[in-house]
Amino acid sequence: MKFSEQWLRQWIDPELDSEQLVVQLTMAGLEVDGVEPVAGVFKGVCVAEVLEVQAHPDADKLSVCQVNTGQAQYQVVCGASNVRAGIKVALAEVGAVLPGNFKIKKAKLRGVASEGMLCSEKELELSDNHDGIMELSEGAPVGEDIRRYLELDDQCIEIDLTPNRGDCLSIKGLAREVGVLNRMPVLEVTVEPVAPRVDDTFKVTVEAPEGCPRYLGRVLRNINPDTQSPLWLQEQLRRSGMRSIDPVVDVTNYVMMELGQPMHAFDLAKLNGSINVRMAKAGESLVLLDGQEVQLTEQTLLITDQSGPIAMAGIMGGAATGVTNQTKDIFLESAFFTPLTIAGKARSYGLHTDSSHRYERGVDFQLQRTAIERATQLLLDIVGGEPGPVVEQCSEENLPRASAVQLRGRRVAQILSIELETKEIVDILNRLGMQVETQNEEEWQVATPSYRFDISIEADLIEEIARVYGYNQLPAKMPQISQKRQSKSESEISLQQLRRVLLTRGYYEAITYSFVDPKLQSYFLQGKNAISLANPISSDMSDMRTSLWPGLVQALQYNQNRQHSRVRLFESGLVFSQTESGVQQLEKLGGIIAGMRDTESWAHASNKVDFFDIKGDLEALLMQGGQFASYQFVSIDRQQGALHPGQSAEIISGGRSIGMVGAMHPSVERALNLNGPVFLFEVEVAAIQCAKIANFEELSKFPEVRRDLAIIVDESVHLSQVNKVIREQAGEYLTDLKLFDLYQGKGIGPGRKSFALGLTWQHRSRTLTDEEISQLVSSIIKNLEKEFNAVLRG
């Protein structure tokens, strides 16, 4: 926001020079981005009156002018098309020095003497306007130094406000801040209600009170459309970074800059029926004041009449009802639109206006009547007219509520590392316009004013106290760190340890967004309900992830598109789903692999990864807790989400599913343009963090006994089922059970397969006999025959 230092000093004039004022604003959190003079460096330019204008004898585009400065009369040759007798102009006399050290001397132009130069705004570096010479108001005193007359010894200050400080987007708001910082009263403008001179009103209806809780309007008839904005008004707007358009628009912009309330004026003759504030309907469009036609979405709040949309509420008016130089009657609008209703709407149409900038951050919901009275007062002074009564539509239940916040003295001391006196804290809060109710010596109930909509919690109040007290007065204190170390349970595996396991197995850690593309996520939902964002960053980041796989798949796509043929990635993070009890958040660990099993080398074959590669990586994680036997891999025989049936499995622990592992279905790979095969896993972190506390057991001094079994079973039988039966029958001295061969082919019947298993027993205190082992083996074979129709392989 840009503003004139002189305009601010009309409201409050602290005993600070410009540099000190800039530093004070910055240290108070209103960061100053830049300071520049309102005009270039020049001298010797005064107000002059053009007495006579004659055509140049030897040049069609030049004029010979006689100008009067009150002290003398000069002849000046001028090339401006707007020069004419009777106007007041800026004359650079002989000897004047203009910006760029351009000195004015006597000269002859096409044989005619010229004693000075009539200046345009650009030549004085007031603006970029060089369409003719600068015309001053009729009341400009002839002979007055132009710098003194236009008060050009002024600075334009530009501040960069944080989004929460919408209350400072006006001269009034900035003056409040400077007053608080300097313990000075603010000289506010007096705004008296304007008495109606006519009874004319225009009906207003609000169908969307949740977006527009308050709407005020007033008819102003018989204005003078030929009037120009006075120079003081044009200058205030120019120094605020705005251009002058016409008196009506200039006044609404001036009130916005002065008080912080955006306003709009409609040509009353172009309105049909009545005003209605409602949400847009499908298929509606609007041509804006800048000539752009926009197709309106149903989330946009509109100002309409019986003919349809006439303005985008809080953003920009429509061209069809705009004020022109033919307008005789106007309808003034002053409304409160809620920030959530306006937020993001202007950007969605490729727009950004001063009005939307303020409404998105919040406008004082009690300011609308003051603003419309102030605008009426100014319009009557400039363009005249006959005002009607103010019409108001207000929905009290939808207006914001002033918040009351509890503040504790000990919390202030803890956060700011300084003990402030009670009277100092109360004084700062009172100066900020807050009502403080003392509950005891160390606690207060603080009610915030309507313009401080950014204060809602105790930390906000403490920040205000620090800001006003002065950040540079707060002590520099090192943070205190407790040296007490928390005990770490040996029965829990840290996430860091799980990460290290994957890193040692050749994985790289990825960090992806929690927001994902709904289309991509649809492949991985697996029956879960996704949560859609109300105000997403973009359409391809509009859903909360229900799985880590969408982000990992995007990372895989990115790498494969850059010729990385071997990819191993993992990620840990929260996933979100909608359940009957609300939003569920689970921390999960997921991985994805594709490409070659090993890095390119002469030492090994170039084989692609398969299911057992990723299963082995997952098993390495499950083994960290020493309870690998408590996990089961159950084959998935039908497609679940993106996984391939027959090449994927659920991980079961404690009777419930804690994760999945498997191959991505070829159809999904093709849809996502992936170079397959691709394999994925995902498990709940909490379910694999439980560890068995290690206990020392004395090593046996007695020999091990090993027996190998080769059994033939049906193809549908899983190894885990066979292992379970063997462990139940092998007794307590079984120390190891491993599969060392899997065979299908010649000598094995169709639909059958052979497991070759090695069983190892060992007793702690004696040598096991052949008879004992043979009994156990016989029991195992008998039960395998019973459960799976297994036979020994000859």
# chains A, B, ... in the order shown; residues from 1 in each chain; ligands from 1

call {"tool": "residues_around", "arguments": {"residues": "segment 418-431 of chain A", "least_positions_apart": "5", "cutoff": "10 Å", "atoms": "only C-alpha atoms", "output": "ChimeraX atom specification"}}
result
/A:176-177,179-181,183-185,409-410,412-413,436-438,441-444,446-448,461-462,464-469,473-477

call {"tool": "closest_atom_pairs", "arguments": {"of": "segment 33-79 of chain A", "to": "segment 127-141 of chain A", "cutoff": "9 Å", "atoms": "only C-alpha atoms", "output": "Markdown table"}}
result
| residue | atom | partner | partner_atom | distance |
| --- | --- | --- | --- | --- |
| A:Val38 | CA | A:Ser127 | CA | 8.8 |
| A:Ala39 | CA | A:Ser127 | CA | 8.1 |
| A:Val47 | CA | A:Pro141 | CA | 6.7 |
| A:Ala48 | CA | A:Pro141 | CA | 8.2 |
| A:Cys78 | CA | A:Ile133 | CA | 9.0 |
| A:Gly79 | CA | A:Gly132 | CA | 8.2 |

call {"tool": "write_last_selection", "arguments": {"atoms": "all heavy atoms", "output": "JSON list (two decimals), in the first residue's frame"}}
result
[["chain", "number", "residue", "atom", "x", "y", "z"],
["A", 38, "VAL", "N", 7.41, 12.72, -4.04],
["A", 38, "VAL", "CA", 6.21, 12.76, -4.88],
["A", 38, "VAL", "C", 6.46, 13.50, -6.19],
["A", 38, "VAL", "O", 5.64, 13.45, -7.11],
["A", 38, "VAL", "CB", 5.02, 13.40, -4.14],
["A", 38, "VAL", "CG1", 4.69, 12.61, -2.89],
["A", 38, "VAL", "CG2", 5.30, 14.85, -3.80],
["A", 39, "ALA", "N", 7.58, 14.21, -6.27],
["A", 39, "ALA", "CA", 7.92, 14.94, -7.49],
["A", 39, "ALA", "C", 9.43, 14.97, -7.65],
["A", 39, "ALA", "O", 10.18, 14.71, -6.70],
["A", 39, "ALA", "CB", 7.36, 16.36, -7.44],
["A", 47, "VAL", "N", 3.07, 29.27, -10.55],
["A", 47, "VAL", "CA", 1.73, 29.29, -11.14],
["A", 47, "VAL", "C", 1.61, 30.51, -12.04],
["A", 47, "VAL", "O", 1.95, 31.63, -11.63],
["A", 47, "VAL", "CB", 0.65, 29.33, -10.04],
["A", 47, "VAL", "CG1", -0.74, 29.41, -10.68],
["A", 47, "VAL", "CG2", 0.76, 28.13, -9.13],
["A", 48, "ALA", "N", 1.15, 30.30, -13.26],
["A", 48, "ALA", "CA", 0.98, 31.40, -14.21],
["A", 48, "ALA", "C", -0.36, 31.25, -14.90],
["A", 48, "ALA", "O", -0.94, 30.16, -14.98],
["A", 48, "ALA", "CB", 2.11, 31.40, -15.23],
["A", 78, "CYS", "N", 4.72, 27.27, -27.12],
["A", 78, "CYS", "CA", 4.26, 26.00, -26.54],
["A", 78, "CYS", "C", 3.72, 25.09, -27.63],
["A", 78, "CYS", "O", 3.05, 25.55, -28.57],
["A", 78, "CYS", "CB", 3.18, 26.28, -25.50],
["A", 78, "CYS", "SG", 2.45, 24.81, -24.77],
["A", 79, "GLY", "N", 4.00, 23.79, -27.48],
["A", 79, "GLY", "CA", 3.52, 22.83, -28.48],
["A", 79, "GLY", "C", 2.36, 21.99, -28.00],
["A", 79, "GLY", "O", 1.91, 21.08, -28.71]]

call {"tool": "residues_around", "arguments": {"residues": "Glu192 of chain A", "least_positions_apart": "2", "cutoff": "10 Å", "atoms": "only C-alpha atoms", "output": "count of residues only"}}
result
8

call {"tool": "select_by_dssp", "arguments": {"residues": "segment 287-443 of chain A", "states": "strand (DSSP E)", "output": "ChimeraX atom specification"}}
result
/A:287,293-295,301-305,308-312,316-317,330-336,386-394,404-408,435-440,443

call {"tool": "atom_distance", "arguments": {"atom1": "atom CA of Gln326 of chain A", "atom2": "atom CA of Ser120 of chain A"}}
result
28.0 Å

call {"tool": "select_by_dssp", "arguments": {"residues": "segment 132-368 of chain A", "states": "helix (DSSP H, G or I)", "output": "ChimeraX atom specification"}}
result
/A:146-149,166-168,171-182,231-239,247-259,268-270,319-321,339-342,345-348,354-361,368

call {"tool": "residues_around", "arguments": {"residues": "Gly590 of chain A", "least_positions_apart": "3", "cutoff": "12 Å", "atoms": "only C-alpha atoms", "output": "short mmCIF file (atom, residue, chain, number, x, y, z; two decimals) with all heavy atoms, in the first residue's frame"}}
result
data_model
loop_
_atom_site.label_atom_id
_atom_site.label_comp_id
_atom_site.auth_asym_id
_atom_site.auth_seq_id
_atom_site.Cartn_x
_atom_site.Cartn_y
_atom_site.Cartn_z
N LEU A 498 13.81 -47.73 11.31
CA LEU A 498 13.17 -48.33 10.14
C LEU A 498 13.66 -47.66 8.85
O LEU A 498 13.86 -48.33 7.83
CB LEU A 498 11.65 -48.21 10.26
CG LEU A 498 11.00 -48.96 11.44
CD1 LEU A 498 9.52 -48.62 11.52
CD2 LEU A 498 11.21 -50.46 11.31
N ARG A 499 13.84 -46.34 8.90
CA ARG A 499 14.36 -45.65 7.73
C ARG A 499 15.76 -46.15 7.38
O ARG A 499 16.08 -46.35 6.20
CB ARG A 499 14.42 -44.14 8.01
CG ARG A 499 13.09 -43.41 8.03
CD ARG A 499 13.35 -41.92 7.94
NE ARG A 499 12.15 -41.12 8.13
CZ ARG A 499 11.88 -40.42 9.22
NH1 ARG A 499 12.72 -40.44 10.24
NH2 ARG A 499 10.78 -39.72 9.31
N LEU A 502 15.87 -49.35 5.34
CA LEU A 502 15.60 -49.18 3.91
C LEU A 502 16.76 -48.48 3.20
O LEU A 502 17.07 -48.80 2.04
CB LEU A 502 14.30 -48.40 3.71
CG LEU A 502 13.03 -49.14 4.15
CD1 LEU A 502 11.82 -48.22 4.10
CD2 LEU A 502 12.79 -50.37 3.28
N TYR A 507 17.45 -47.90 -0.85
CA TYR A 507 16.34 -46.98 -1.08
C TYR A 507 16.79 -45.53 -0.85
O TYR A 507 17.73 -45.26 -0.12
CB TYR A 507 15.18 -47.28 -0.12
CG TYR A 507 14.33 -48.47 -0.50
CD1 TYR A 507 14.80 -49.77 -0.28
CD2 TYR A 507 13.08 -48.31 -1.04
CE1 TYR A 507 14.02 -50.87 -0.60
CE2 TYR A 507 12.28 -49.40 -1.37
CZ TYR A 507 12.76 -50.68 -1.15
OH TYR A 507 11.98 -51.75 -1.47
N TYR A 508 16.06 -44.62 -1.47
CA TYR A 508 16.21 -43.19 -1.20
C TYR A 508 14.90 -42.70 -0.59
O TYR A 508 13.81 -43.11 -1.01
CB TYR A 508 16.49 -42.41 -2.48
CG TYR A 508 17.87 -42.63 -3.04
CD1 TYR A 508 18.09 -43.63 -3.99
CD2 TYR A 508 18.94 -41.86 -2.63
CE1 TYR A 508 19.36 -43.86 -4.51
CE2 TYR A 508 20.22 -42.07 -3.14
CZ TYR A 508 20.42 -43.07 -4.08
OH TYR A 508 21.67 -43.28 -4.57
N GLU A 509 15.01 -41.80 0.38
CA GLU A 509 13.80 -41.29 1.03
C GLU A 509 13.20 -40.17 0.19
O GLU A 509 13.90 -39.26 -0.27
CB GLU A 509 14.09 -40.77 2.43
CG GLU A 509 12.84 -40.30 3.15
CD GLU A 509 13.05 -40.02 4.63
OE1 GLU A 509 14.21 -39.96 5.06
OE2 GLU A 509 12.04 -39.87 5.35
N ALA A 510 11.89 -40.20 0.00
CA ALA A 510 11.15 -39.17 -0.72
C ALA A 510 10.24 -38.44 0.25
O ALA A 510 9.77 -39.01 1.24
CB ALA A 510 10.32 -39.79 -1.84
N ILE A 511 10.00 -37.17 -0.02
CA ILE A 511 9.03 -36.38 0.74
C ILE A 511 8.08 -35.75 -0.27
O ILE A 511 8.50 -34.93 -1.09
CB ILE A 511 9.71 -35.29 1.59
CG1 ILE A 511 10.68 -35.93 2.60
CG2 ILE A 511 8.67 -34.45 2.32
CD1 ILE A 511 11.49 -34.93 3.40
N THR A 512 6.82 -36.13 -0.23
CA THR A 512 5.85 -35.65 -1.21
C THR A 512 4.73 -34.90 -0.49
O THR A 512 4.62 -34.93 0.74
CB THR A 512 5.26 -36.80 -2.03
OG1 THR A 512 4.50 -37.66 -1.17
CG2 THR A 512 6.38 -37.61 -2.68
N SER A 547 -3.27 -42.69 0.86
CA SER A 547 -2.15 -43.63 0.78
C SER A 547 -0.90 -42.85 0.40
O SER A 547 -0.98 -41.75 -0.18
CB SER A 547 -2.45 -44.72 -0.26
OG SER A 547 -1.28 -45.45 -0.56
N LEU A 548 0.26 -43.42 0.72
CA LEU A 548 1.52 -42.81 0.31
C LEU A 548 1.84 -43.10 -1.15
O LEU A 548 2.71 -42.47 -1.74
CB LEU A 548 2.67 -43.32 1.19
CG LEU A 548 2.58 -43.03 2.68
CD1 LEU A 548 3.71 -43.72 3.43
CD2 LEU A 548 2.62 -41.54 2.95
N TRP A 549 1.14 -44.05 -1.75
CA TRP A 549 1.46 -44.50 -3.10
C TRP A 549 1.30 -43.42 -4.17
O TRP A 549 2.13 -43.35 -5.08
CB TRP A 549 0.66 -45.74 -3.45
CG TRP A 549 1.14 -46.97 -2.71
CD1 TRP A 549 2.32 -47.10 -2.03
CD2 TRP A 549 0.46 -48.22 -2.57
NE1 TRP A 549 2.43 -48.35 -1.47
CE2 TRP A 549 1.29 -49.07 -1.80
CE3 TRP A 549 -0.75 -48.71 -3.02
CZ2 TRP A 549 0.95 -50.37 -1.47
CZ3 TRP A 549 -1.10 -50.01 -2.71
CH2 TRP A 549 -0.27 -50.83 -1.93
N PRO A 550 0.25 -42.57 -4.17
CA PRO A 550 0.16 -41.55 -5.24
C PRO A 550 1.39 -40.66 -5.32
O PRO A 550 1.90 -40.38 -6.42
CB PRO A 550 -1.10 -40.75 -4.86
CG PRO A 550 -1.93 -41.71 -4.10
CD PRO A 550 -0.96 -42.55 -3.32
N GLY A 551 1.89 -40.21 -4.17
CA GLY A 551 3.09 -39.36 -4.17
C GLY A 551 4.31 -40.12 -4.65
O GLY A 551 5.14 -39.58 -5.41
N LEU A 552 4.45 -41.37 -4.23
CA LEU A 552 5.60 -42.17 -4.65
C LEU A 552 5.53 -42.48 -6.15
O LEU A 552 6.56 -42.50 -6.84
CB LEU A 552 5.65 -43.48 -3.84
CG LEU A 552 6.05 -43.31 -2.37
CD1 LEU A 552 5.87 -44.62 -1.61
CD2 LEU A 552 7.50 -42.84 -2.25
N VAL A 553 4.33 -42.71 -6.65
CA VAL A 553 4.17 -42.97 -8.09
C VAL A 553 4.56 -41.72 -8.89
O VAL A 553 5.22 -41.82 -9.94
CB VAL A 553 2.72 -43.40 -8.40
CG1 VAL A 553 2.44 -43.32 -9.89
CG2 VAL A 553 2.49 -44.82 -7.90
N ARG A 568 14.38 -46.86 -6.43
CA ARG A 568 13.94 -47.43 -5.15
C ARG A 568 13.67 -46.25 -4.22
O ARG A 568 14.61 -45.56 -3.81
CB ARG A 568 15.00 -48.35 -4.54
CG ARG A 568 15.15 -49.69 -5.25
CD ARG A 568 16.33 -50.47 -4.76
NE ARG A 568 16.38 -51.79 -5.38
CZ ARG A 568 16.08 -52.92 -4.78
NH1 ARG A 568 15.69 -52.91 -3.52
NH2 ARG A 568 16.15 -54.07 -5.42
N LEU A 569 12.41 -46.03 -3.86
CA LEU A 569 12.02 -44.89 -3.03
C LEU A 569 11.14 -45.35 -1.87
O LEU A 569 10.39 -46.31 -2.00
CB LEU A 569 11.23 -43.87 -3.87
CG LEU A 569 11.95 -43.23 -5.07
CD1 LEU A 569 10.95 -42.42 -5.89
CD2 LEU A 569 13.10 -42.34 -4.61
N PHE A 570 11.26 -44.63 -0.75
CA PHE A 570 10.34 -44.88 0.36
C PHE A 570 9.95 -43.54 0.97
O PHE A 570 10.63 -42.52 0.79
CB PHE A 570 10.98 -45.79 1.42
CG PHE A 570 11.96 -45.10 2.34
CD1 PHE A 570 11.55 -44.55 3.55
CD2 PHE A 570 13.30 -45.00 2.01
CE1 PHE A 570 12.44 -43.92 4.40
CE2 PHE A 570 14.21 -44.37 2.84
CZ PHE A 570 13.78 -43.82 4.05
N GLU A 571 8.84 -43.55 1.69
CA GLU A 571 8.35 -42.35 2.37
C GLU A 571 7.60 -42.75 3.62
O GLU A 571 6.91 -43.77 3.65
CB GLU A 571 7.44 -41.53 1.45
CG GLU A 571 6.92 -40.25 2.11
CD GLU A 571 6.04 -39.41 1.20
OE1 GLU A 571 5.64 -39.91 0.13
OE2 GLU A 571 5.75 -38.25 1.56
N SER A 572 7.71 -41.91 4.65
CA SER A 572 6.89 -42.08 5.85
C SER A 572 6.08 -40.81 6.05
O SER A 572 6.56 -39.71 5.78
CB SER A 572 7.77 -42.33 7.08
OG SER A 572 8.66 -41.24 7.29
N GLY A 573 4.85 -40.96 6.50
CA GLY A 573 4.00 -39.79 6.70
C GLY A 573 2.58 -40.17 7.00
O GLY A 573 2.21 -41.35 7.01
N LEU A 574 1.76 -39.14 7.24
CA LEU A 574 0.36 -39.36 7.57
C LEU A 574 -0.48 -39.55 6.32
O LEU A 574 -0.23 -38.93 5.28
CB LEU A 574 -0.19 -38.17 8.37
CG LEU A 574 0.38 -37.94 9.77
CD1 LEU A 574 -0.17 -36.65 10.36
CD2 LEU A 574 0.07 -39.11 10.68
N VAL A 575 -1.47 -40.42 6.43
CA VAL A 575 -2.50 -40.55 5.40
C VAL A 575 -3.85 -40.27 6.06
O VAL A 575 -4.00 -40.41 7.27
CB VAL A 575 -2.49 -41.94 4.73
CG1 VAL A 575 -1.15 -42.19 4.06
CG2 VAL A 575 -2.79 -43.03 5.74
N GLU A 587 -0.17 -42.93 10.55
CA GLU A 587 1.21 -42.80 10.06
C GLU A 587 1.59 -44.11 9.38
O GLU A 587 1.45 -45.18 9.96
CB GLU A 587 2.18 -42.51 11.21
CG GLU A 587 3.58 -42.20 10.70
CD GLU A 587 4.53 -41.79 11.81
OE1 GLU A 587 4.26 -42.15 12.98
OE2 GLU A 587 5.55 -41.14 11.52
N ILE A 593 9.50 -49.79 -5.97
CA ILE A 593 10.70 -50.16 -6.71
C ILE A 593 10.34 -50.46 -8.15
O ILE A 593 9.23 -50.90 -8.45
CB ILE A 593 11.44 -51.36 -6.08
CG1 ILE A 593 10.57 -52.63 -6.13
CG2 ILE A 593 11.89 -51.05 -4.66
CD1 ILE A 593 11.31 -53.89 -5.67
N ILE A 614 10.82 -56.97 -3.28
CA ILE A 614 10.18 -56.02 -2.36
C ILE A 614 9.66 -56.73 -1.11
O ILE A 614 9.65 -56.16 -0.02
CB ILE A 614 9.05 -55.24 -3.08
CG1 ILE A 614 8.70 -53.98 -2.28
CG2 ILE A 614 7.81 -56.12 -3.31
CD1 ILE A 614 7.93 -52.95 -3.05
N ASP A 617 12.56 -56.85 1.20
CA ASP A 617 12.80 -55.56 1.86
C ASP A 617 11.82 -55.35 3.00
O ASP A 617 12.17 -54.87 4.08
CB ASP A 617 12.66 -54.43 0.84
CG ASP A 617 13.70 -54.49 -0.26
OD1 ASP A 617 14.80 -55.02 0.02
OD2 ASP A 617 13.43 -54.00 -1.37
N LEU A 618 10.57 -55.73 2.76
CA LEU A 618 9.55 -55.58 3.81
C LEU A 618 9.82 -56.53 4.96
O LEU A 618 9.67 -56.16 6.13
CB LEU A 618 8.16 -55.83 3.20
CG LEU A 618 6.96 -55.68 4.14
CD1 LEU A 618 6.95 -54.32 4.82
CD2 LEU A 618 5.66 -55.90 3.38
N LEU A 621 12.23 -55.17 7.40
CA LEU A 621 11.61 -54.24 8.36
C LEU A 621 10.92 -55.00 9.48
O LEU A 621 11.05 -54.65 10.66
CB LEU A 621 10.59 -53.34 7.64
CG LEU A 621 11.12 -52.27 6.68
CD1 LEU A 621 9.95 -51.61 5.95
CD2 LEU A 621 11.94 -51.22 7.43
N ILE A 658 -2.46 -54.93 8.42
CA ILE A 658 -1.67 -53.74 8.75
C ILE A 658 -0.96 -53.17 7.53
O ILE A 658 -0.25 -52.15 7.64
CB ILE A 658 -0.64 -54.05 9.85
CG1 ILE A 658 0.38 -55.09 9.34
CG2 ILE A 658 -1.31 -54.52 11.14
CD1 ILE A 658 1.60 -55.21 10.23
N GLY A 659 -1.11 -53.81 6.38
CA GLY A 659 -0.44 -53.29 5.20
C GLY A 659 -0.61 -54.19 4.00
O GLY A 659 -1.26 -55.24 4.08
N MET A 660 0.00 -53.76 2.90
CA MET A 660 -0.09 -54.52 1.65
C MET A 660 1.24 -54.44 0.92
O MET A 660 2.00 -53.47 1.07
CB MET A 660 -1.20 -53.97 0.76
CG MET A 660 -2.58 -53.96 1.41
SD MET A 660 -3.86 -53.32 0.33
CE MET A 660 -4.17 -54.75 -0.66
N VAL A 661 1.51 -55.45 0.10
CA VAL A 661 2.70 -55.50 -0.72
C VAL A 661 2.35 -56.23 -2.01
O VAL A 661 1.53 -57.15 -2.00
CB VAL A 661 3.86 -56.21 0.02
CG1 VAL A 661 3.52 -57.63 0.37
CG2 VAL A 661 5.15 -56.16 -0.81
N GLY A 662 2.96 -55.80 -3.11
CA GLY A 662 2.67 -56.51 -4.34
C GLY A 662 3.04 -55.75 -5.58
O GLY A 662 3.64 -54.66 -5.54
N PHE A 679 6.62 -52.47 -8.22
CA PHE A 679 6.20 -53.14 -7.00
C PHE A 679 6.14 -52.12 -5.85
O PHE A 679 6.96 -51.21 -5.78
CB PHE A 679 7.17 -54.28 -6.65
CG PHE A 679 7.21 -55.35 -7.69
CD1 PHE A 679 8.11 -55.27 -8.75
CD2 PHE A 679 6.34 -56.43 -7.65
CE1 PHE A 679 8.15 -56.25 -9.73
CE2 PHE A 679 6.37 -57.42 -8.63
CZ PHE A 679 7.27 -57.32 -9.68
N LEU A 680 5.14 -52.31 -4.97
CA LEU A 680 4.90 -51.35 -3.89
C LEU A 680 4.65 -52.07 -2.58
O LEU A 680 4.21 -53.23 -2.57
CB LEU A 680 3.68 -50.47 -4.19
CG LEU A 680 3.48 -49.87 -5.57
CD1 LEU A 680 2.53 -50.73 -6.37
CD2 LEU A 680 2.92 -48.45 -5.48
N PHE A 681 4.91 -51.37 -1.48
CA PHE A 681 4.45 -51.85 -0.17
C PHE A 681 4.04 -50.64 0.67
O PHE A 681 4.49 -49.51 0.42
CB PHE A 681 5.55 -52.66 0.55
CG PHE A 681 6.64 -51.83 1.18
CD1 PHE A 681 6.49 -51.24 2.44
CD2 PHE A 681 7.85 -51.64 0.52
CE1 PHE A 681 7.49 -50.47 3.00
CE2 PHE A 681 8.87 -50.89 1.08
CZ PHE A 681 8.68 -50.30 2.33
N GLU A 682 3.17 -50.89 1.64
CA GLU A 682 2.75 -49.86 2.59
C GLU A 682 2.29 -50.54 3.86
O GLU A 682 1.48 -51.48 3.80
CB GLU A 682 1.62 -49.01 2.00
CG GLU A 682 1.21 -47.84 2.89
CD GLU A 682 0.14 -46.97 2.22
OE1 GLU A 682 -0.98 -47.49 2.01
OE2 GLU A 682 0.43 -45.80 1.92
N VAL A 683 2.80 -50.09 5.00
CA VAL A 683 2.42 -50.67 6.30
C VAL A 683 2.19 -49.56 7.31
O VAL A 683 2.74 -48.47 7.18
CB VAL A 683 3.50 -51.65 6.84
CG1 VAL A 683 3.56 -52.91 6.02
CG2 VAL A 683 4.86 -50.97 6.90
N GLU A 684 1.38 -49.89 8.33
CA GLU A 684 1.18 -48.96 9.44
C GLU A 684 2.44 -48.95 10.30
O GLU A 684 2.93 -50.00 10.72
CB GLU A 684 -0.02 -49.38 10.28
CG GLU A 684 -1.34 -49.30 9.53
CD GLU A 684 -2.50 -49.80 10.38
OE1 GLU A 684 -2.31 -49.91 11.62
OE2 GLU A 684 -3.57 -50.10 9.83
N VAL A 685 2.94 -47.77 10.59
CA VAL A 685 4.19 -47.66 11.36
C VAL A 685 4.01 -48.22 12.77
O VAL A 685 4.85 -48.98 13.27
CB VAL A 685 4.66 -46.19 11.41
CG1 VAL A 685 5.83 -46.03 12.37
CG2 VAL A 685 5.05 -45.72 10.01
#

call {"tool": "closest_residue", "arguments": {"among": "A:Asp33, A:Asp154, A:Asp540, A:Asp364", "to": "Ser334 of chain A", "atoms": "only C-alpha atoms"}}
result
A:Asp364

call {"tool": "atom_distance", "arguments": {"atom1": "atom CA of Val45 of chain A", "atom2": "atom CA of Ser63 of chain A"}}
result
20.2 Å

call {"tool": "closest_residue", "arguments": {"among": "A:Lys281, A:Lys61, A:Lys43, A:Arg147", "to": "Val97 of chain A", "atoms": "only C-alpha atoms"}}
result
A:Lys43
